[in-house]
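Comments concern the structure below.
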Amino acid sequence: EVQFMESGGGLVQPGGSLTLACQVTGLTPSDYWFYWVRQAPGKALEYVSQISRYGTNHGYAPFVKGRFTVSRDTAKNMVLLQMNSLQIEDTAVYYCATDPAGERRGQGTQVTVSS
């Protein structure tokens, strides 16, 4: 059974930073690209970022480019999302997934950006 365990969310002020982590079990991580997607209150799930199988290629949605950095720790089977310069609009539940639509994803971690 594939399991994603996201962590690292919390409450942060605008301009602050958080690092999200996703621990994946039940599959061989190096066989997959990984994606971060998010869902804000009352909105649809949206793509945030992606990272290739060995971490050499990355992609970002325009609204996070330059602020967020995705990486992976192969030894720990983890995917990370460093989020800087957080904005109120970044408030959402963040999920890691093995597809860009987030159809196979974890339970998510809540990120709240508020003053």
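The chains in the structure tokens are called A, B, ... from first to last as shown; in each chain the residues are counted from 1, and the ligands are counted from 1 in the order shown.
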
Set the distance at 12 Å and use only C-alpha atoms: which residues neighbour Lys65 of chain A once local chain neighbours fewer than 6 positions away are removed? I'd like the list as a PyMOL selection string.
chain A and resi 48-50+58-59+82-86

Would you save the residues of that selection, restricted to C-alpha atoms, as a CSV table (one decimal), in the first residue's frame?
chain,number,residue,atom,x,y,z
A,48,VAL,CA,2.5,23.8,-7.2
A,49,SER,CA,5.7,22.0,-8.1
A,50,GLN,CA,7.3,18.9,-9.5
A,58,HIS,CA,12.1,20.8,-11.3
A,59,GLY,CA,9.0,22.7,-12.2
A,82,GLN,CA,11.0,24.9,1.0
A,83,MET,CA,8.6,27.8,1.0
A,84,ASN,CA,9.9,31.4,1.4
A,85,SER,CA,8.2,34.8,1.2
A,86,LEU,CA,4.9,33.2,2.0

Can you list every residue of segment 57-92 of chain A that has an atom at most 7 Å from segment 101-114 of chain A, with its nearest atom pair and the distance in Å to one decimal, using only C-alpha atoms, ordered by chain then number, as a Markdown table?
| residue | atom | partner | partner_atom | distance |
| --- | --- | --- | --- | --- |
| A:Leu86 | CA | A:Val113 | CA | 6.8 |
| A:Gln87 | CA | A:Val113 | CA | 6.2 |
| A:Ile88 | CA | A:Val113 | CA | 4.8 |
| A:Asp90 | CA | A:Val113 | CA | 6.7 |
| A:Thr91 | CA | A:Thr112 | CA | 4.6 |
| A:Ala92 | CA | A:Val111 | CA | 5.5 |

Pick from A:Leu45, A:Ile51, A:Val64, A:Val37 nearest to Tyr95 of chain A, counting only C-alpha atoms:
A:Val37

Quick one: pick out all strand (DSSP E or B) residues within chain A from a backbone DSSP run and write them as number ranges by chain.
A: 3-7, 10-12, 18-25, 34-39, 45-51, 58-60, 68-73, 78-83, 92-97, 105, 109-113

Emit the selected residues as a compact mmCIF listing (two decimals), in the first residue's frame, including C-alpha atoms.
# COMPACT_ATOMS: atom_id res chain seq x y z
CA GLN A 3 1.36 5.94 1.80
CA PHE A 4 2.29 9.61 1.76
CA MET A 5 2.89 11.35 5.06
CA GLU A 6 3.12 15.12 4.74
CA SER A 7 4.38 17.26 7.59
CA GLY A 10 1.69 25.47 10.40
CA LEU A 11 0.81 29.09 10.99
CA VAL A 12 3.23 31.68 9.68
CA LEU A 18 8.15 26.85 6.09
CA THR A 19 9.60 23.58 4.88
CA LEU A 20 7.19 20.79 4.06
CA ALA A 21 8.25 17.18 4.00
CA CYS A 22 6.64 14.14 2.45
CA GLN A 23 7.64 10.66 3.49
CA VAL A 24 6.62 8.03 0.98
CA THR A 25 6.36 4.30 1.58
CA PHE A 34 6.75 13.70 -7.36
CA TYR A 35 4.41 16.62 -7.26
CA TRP A 36 3.22 19.10 -4.70
CA VAL A 37 -0.35 20.25 -5.11
CA ARG A 38 -2.49 22.40 -2.87
CA GLN A 39 -6.10 23.18 -2.17
CA LEU A 45 -6.79 21.43 -6.23
CA GLU A 46 -3.91 23.12 -8.05
CA TYR A 47 -0.42 22.16 -9.12
CA VAL A 48 2.46 23.76 -7.23
CA SER A 49 5.69 22.00 -8.10
CA GLN A 50 7.30 18.86 -9.45
CA ILE A 51 10.60 17.06 -9.23
CA HIS A 58 12.12 20.78 -11.34
CA GLY A 59 9.02 22.67 -12.24
CA TYR A 60 6.97 25.33 -10.54
CA PHE A 68 9.47 27.80 -3.42
CA THR A 69 12.15 25.16 -3.92
CA VAL A 70 11.46 21.45 -4.31
CA SER A 71 14.04 18.79 -3.52
CA ARG A 72 14.25 15.17 -2.59
CA ASP A 73 16.24 13.19 -0.09
CA MET A 78 11.44 12.12 1.30
CA VAL A 79 10.35 14.97 -0.90
CA LEU A 80 10.75 18.49 0.46
CA LEU A 81 9.23 21.84 -0.37
CA GLN A 82 11.02 24.90 0.97
CA MET A 83 8.60 27.82 0.95
CA ALA A 92 -3.98 25.91 1.68
CA VAL A 93 -3.65 22.24 2.44
CA TYR A 94 -0.53 20.98 0.70
CA TYR A 95 -0.24 17.46 -0.61
CA CYS A 96 2.47 15.42 -2.21
CA ALA A 97 1.44 13.17 -5.03
CA ARG A 105 -1.88 11.86 -2.73
CA THR A 109 -0.54 19.38 5.77
CA GLN A 110 -2.20 22.70 6.52
CA VAL A 111 -0.32 25.90 5.79
CA THR A 112 -1.88 29.08 7.10
CA VAL A 113 -0.35 32.46 6.30

Between atom CA of Trp33 of chain A and atom CA of Gly16 of chain A, what is the distance, to one decimal in Å?
27.7 Å

Have a look at atom CA of Asn57 of chain A and atom CA of Ala75 of chain A and let me know their distance in Å, one decimal.
18.1 Å

Could you name the residues that touch Leu27 of chain A at 9 Å or less, counting only C-alpha atoms, but leaving out those on the same chain fewer than 5 positions away, as a list of chain:residue names?
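Near neighbours after the sequence-gap exclusion: A:Glu1, A:Val2, A:Gln3, A:Tyr32.
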
Expected file: the selected residues, C-alpha atoms, as a CSV table (one decimal), in the first residue's frame:
chain,number,residue,atom,x,y,z
A,1,GLU,CA,0.0,0.0,0.0
A,2,VAL,CA,1.4,3.4,-1.0
A,3,GLN,CA,1.4,5.9,1.8
A,32,TYR,CA,8.5,8.3,-9.8
